[in-house]
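To keep things clear, I will list the structure first and then write my remarks on it.
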Amino acid sequence: MFGGAFGGAGAEVVIEEFMTGEEASFFALSDGTDVIAFDSAQDHKRVGDGDTGPNTGGMGAYSPAPVLTAELEAAVMDRIIRPTVATLAAEGTPYVGVLFAGLMLTGEGPKLIEYNCRFGDPECQVLMMRFKGDFAALLHAAATGTLATADAPAFSHDYALTVVMAASGYPGTPEKGGAIRRIADAEAGGVRVFHAGTAREDRTLVAAGGRVLNVTATGKSVAQAQMRAYAAVDKLDFPTGFCRRDIGWREVAREAK
């Protein structure tokens, strides 16, 4: 960088705080004035088991994230989410839509790493598996400035966990065209297989991207949801696909204590 390899982009250096802790994701809906919480999740960015290897767009997730307690969620809403929405409104740029707060749960409390203006993938899959109610009506309330009178989001008390099936080579150049079979077998027993990067070629389902499928299950615990998700993964016939085998490992370890 100091040798000029990045041109003008390397002329300045930004020094950021190093935050130590566990990451979690928190979601909220804003109509520009009012804001409501929309539960939590925890994803797994590294490509390999044990959080090893390069970062990806996400190799799996589960919801809710018990590490983000009710007390911490209240702190996130009061110290991060509401001030953000209020400041944007005060500056004449009210924000309407989803706020996805990427958090670090530090010894000093939750700190914001980044915002996304979407539900996220694979977080959206686990949130939607648990959501109960009229989702369209909730989004309409956000779009029309009526969140204050809308029904609060309701979620199942079950956990949801999703495992990403990726194409060989991901997160580098993925191997496309690999055949995928036995989706119906994997979905037996209430499991949902969401398609992220698939296509049809001569009636055969094939991989058409890096992250290809999200195999998603629910359970009374993270461990149970994990077991059901991986049982479904093992029913798939996707020779050129791979996945992490430890999605949810932190919470499964905590549940076992």
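Chain identifiers are assigned as A, B, and so on, following the order in which chains appear in the structure tokens; residues are numbered from 1 within each chain, and ligands are numbered from 1 in order of appearance.
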
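For A:Thr162, the non-local neighbours within 9 Å, defined as residues at least 2 positions apart in the same chain or in other chains and counting only C-alpha atoms, are A:Met59, A:Gly60, A:Ala61, A:Tyr62, A:Pro122, A:Glu123, A:Gln125, A:Val126, A:Ala160, A:Val164, A:Val193, A:Asn214, A:Val215, A:Thr216, A:Ala217, A:Thr218, A:Ala225, A:Gln226, A:Ala229, A:Ile247.
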
| request: Please identify which residues in stretch 60-242 of chain A DSSP calls strand (DSSP E) from the backbone, and express them as JSON, numbers by chain. | output: {"A": [60, 61, 62, 63, 96, 97, 98, 99, 100, 101, 102, 103, 104, 105, 106, 109, 110, 111, 112, 113, 114, 115, 116, 131, 132, 154, 155, 159, 160, 161, 162, 163, 164, 165, 166, 167, 192, 193, 194, 195, 198, 199, 200, 201, 204, 205, 206, 207, 211, 212, 213, 214, 215, 216, 217, 218, 219, 241, 242]}

Would you tabulate, counting only C-alpha atoms, all residues of stretch 21-63 of chain A that have an atom at most 9 Å from an atom of stretch 168-173 of chain A, showing the closest pair of atoms and their distance in Å to one decimal, sorted by chain then ascending number, as CSV?
residue,atom,partner,partner_atom,distance
A:Val47,CA,A:Pro171,CA,7.5
A:Pro54,CA,A:Pro171,CA,7.5
A:Asn55,CA,A:Pro171,CA,7.7
A:Thr56,CA,A:Pro171,CA,5.9
A:Gly57,CA,A:Pro171,CA,8.3

Selected residues, C-alpha atoms, written as a PDB file, in the first residue's frame, please.
ATOM      1  CA  VAL A  47     -16.134 -20.911   4.745  1.00  0.00           C
ATOM      2  CA  PRO A  54     -11.886 -16.875   3.972  1.00  0.00           C
ATOM      3  CA  ASN A  55     -15.037 -14.894   4.617  1.00  0.00           C
ATOM      4  CA  THR A  56     -18.125 -15.587   2.519  1.00  0.00           C
ATOM      5  CA  GLY A  57     -21.553 -14.070   2.159  1.00  0.00           C
TER       6      GLY A  57
END

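Using only C-alpha atoms, the shortest contact distance between A:Gly53 and any of A:Ala199, A:Thr146, A:Arg244, A:Ser40 is found at A:Arg244.
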
| task | May I ask which of the residues A:Phe242, A:Phe27, A:Phe194, A:Phe119 is the closest one to A:Asp39, counting only C-alpha atoms? | result |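 Selected residue with least distance to A:Asp39: A:Phe27.
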
| note | From the list A:Met104, A:Val222, A:Ala148, A:Leu213, the nearest residue to A:Gly21 using only C-alpha atoms is A:Met104

| How many Å lie between atom CA of A:Ala24 and atom CA of A:Pro153, rounded to one decimal? | 19.4 Å

| request: Quote the spacing between atom CA of A:Ala207 and atom CA of A:Ala41 in Å to one decimal place. | output: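 Interatomic distance here is 26.6 Å.
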
| Nearest residue to A:Ala74 from the set A:Ala37, A:Gly241, A:Ala232, A:Glu255 (distances using only C-alpha atoms) |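 Counting only C-alpha atoms, the residue closest to A:Ala74 is A:Ala37.
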
| message | Using only C-alpha atoms, can you tell me which of A:Arg82, A:Lys235, A:Lys220, A:Arg130 comes closest to A:Ala188? | response |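 Using only C-alpha atoms, A:Ala188 sits closest to A:Lys235.
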
| said: List as a PyMOL selection string the protein and nucleic acid residues near stretch 138-144 of chain A, meaning an atom at most 7 Å away when only C-alpha atoms are counted, but skip any in the same chain fewer than 3 places from it. | reply: chain A and resi 29-31+96-97+134-135+147+150

Dump C-alpha atoms for the selected residues as a PDB file, in the first residue's frame?
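And here's selection_28.pdb as it stands now:
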ATOM      1  CA  LEU A  29     -38.351  -1.965  10.658  1.00  0.00           C
ATOM      2  CA  SER A  30     -38.623   1.791  10.254  1.00  0.00           C
ATOM      3  CA  ASP A  31     -41.338   3.949   8.666  1.00  0.00           C
ATOM      4  CA  VAL A  96     -38.057   3.672   5.478  1.00  0.00           C
ATOM      5  CA  GLY A  97     -37.385  -0.059   5.396  1.00  0.00           C
ATOM      6  CA  ASP A 134     -49.203 -10.921   7.992  1.00  0.00           C
ATOM      7  CA  PHE A 135     -45.802  -9.976   6.645  1.00  0.00           C
ATOM      8  CA  LEU A 147     -45.948   1.344  12.176  1.00  0.00           C
ATOM      9  CA  ALA A 150     -49.405  -1.890  13.393  1.00  0.00           C
TER      10      ALA A 150
END

| So which residues of stretch 195-239 of chain A fall under helix (DSSP H, G or I) by DSSP, listed as a list in words? |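 In stretch 195-239 of chain A, DSSP puts these residues in helix (DSSP H, G or I): Val222, Ala223, Gln224, Ala225, Gln226, Met227, Arg228, Ala229, Tyr230, Ala231, Ala232 and Val233 of chain A.
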
Would you save the residues of that selection, restricted to C-alpha atoms, as a PDB file, in the first residue's frame?
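Result file follows (part_5.pdb):
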ATOM      1  CA  VAL A 222     -30.656 -24.948  18.265  1.00  0.00           C
ATOM      2  CA  ALA A 223     -29.265 -28.478  18.598  1.00  0.00           C
ATOM      3  CA  GLN A 224     -32.545 -30.004  17.416  1.00  0.00           C
ATOM      4  CA  ALA A 225     -32.856 -27.583  14.497  1.00  0.00           C
ATOM      5  CA  GLN A 226     -29.237 -28.325  13.589  1.00  0.00           C
ATOM      6  CA  MET A 227     -29.831 -32.078  13.653  1.00  0.00           C
ATOM      7  CA  ARG A 228     -32.880 -31.773  11.398  1.00  0.00           C
ATOM      8  CA  ALA A 229     -31.128 -29.456   8.960  1.00  0.00           C
ATOM      9  CA  TYR A 230     -28.109 -31.740   8.555  1.00  0.00           C
ATOM     10  CA  ALA A 231     -30.326 -34.811   8.227  1.00  0.00           C
ATOM     11  CA  ALA A 232     -31.950 -33.019   5.278  1.00  0.00           C
ATOM     12  CA  VAL A 233     -28.557 -32.022   3.847  1.00  0.00           C
TER      13      VAL A 233
END

| query | Of the residues A:Val76, A:Phe131, A:Asp121, A:Phe100, which is the one nearest to A:His195, using only C-alpha atoms? | reply | A:Asp121

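The two atoms in question, atom CA of A:Ile80 and atom CA of A:Leu112, are spaced 7.3 Å apart.
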
Neighbour list for A:Pro110 as an mmCIF file with C-alpha atoms, in the first residue's frame, cut-off 12 Å, only C-alpha atoms, skip fewer than 3 positions in-chain:
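Saved the output as around27.cif:
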data_model
loop_
_atom_site.group_PDB
_atom_site.id
_atom_site.type_symbol
_atom_site.label_atom_id
_atom_site.label_comp_id
_atom_site.auth_asym_id
_atom_site.auth_seq_id
_atom_site.Cartn_x
_atom_site.Cartn_y
_atom_site.Cartn_z
ATOM 1 C CA MET A 19 -13.731 -4.751 18.997
ATOM 2 C CA THR A 20 -13.531 -8.037 20.868
ATOM 3 C CA GLY A 21 -16.605 -10.155 21.458
ATOM 4 C CA GLU A 22 -19.228 -12.270 19.746
ATOM 5 C CA GLU A 23 -21.071 -11.068 16.659
ATOM 6 C CA ALA A 24 -24.845 -11.072 16.347
ATOM 7 C CA SER A 25 -27.397 -9.620 13.953
ATOM 8 C CA PHE A 26 -30.395 -7.550 15.002
ATOM 9 C CA VAL A 67 -26.597 -14.419 23.251
ATOM 10 C CA LEU A 68 -28.492 -11.246 22.348
ATOM 11 C CA THR A 69 -30.658 -11.192 25.481
ATOM 12 C CA GLU A 71 -31.800 -6.670 27.986
ATOM 13 C CA LEU A 72 -29.208 -6.308 25.229
ATOM 14 C CA GLU A 73 -31.915 -5.978 22.571
ATOM 15 C CA ALA A 74 -33.462 -3.122 24.538
ATOM 16 C CA ALA A 75 -30.054 -1.458 24.744
ATOM 17 C CA VAL A 76 -29.556 -1.846 20.988
ATOM 18 C CA MET A 77 -32.937 -0.260 20.290
ATOM 19 C CA ASP A 78 -32.344 2.633 22.735
ATOM 20 C CA ARG A 79 -28.680 3.370 21.982
ATOM 21 C CA ILE A 80 -28.308 2.423 18.322
ATOM 22 C CA ILE A 81 -31.495 1.874 16.307
ATOM 23 C CA ALA A 101 -27.554 -4.015 12.529
ATOM 24 C CA GLY A 102 -24.390 -6.073 12.564
ATOM 25 C CA LEU A 103 -23.297 -6.002 16.204
ATOM 26 C CA MET A 104 -20.289 -6.895 18.304
ATOM 27 C CA LEU A 105 -21.253 -7.866 21.842
ATOM 28 C CA THR A 106 -18.292 -6.410 23.732
ATOM 29 C CA GLY A 107 -17.523 -6.174 27.418
ATOM 30 C CA ILE A 113 -20.179 -2.758 13.220
#
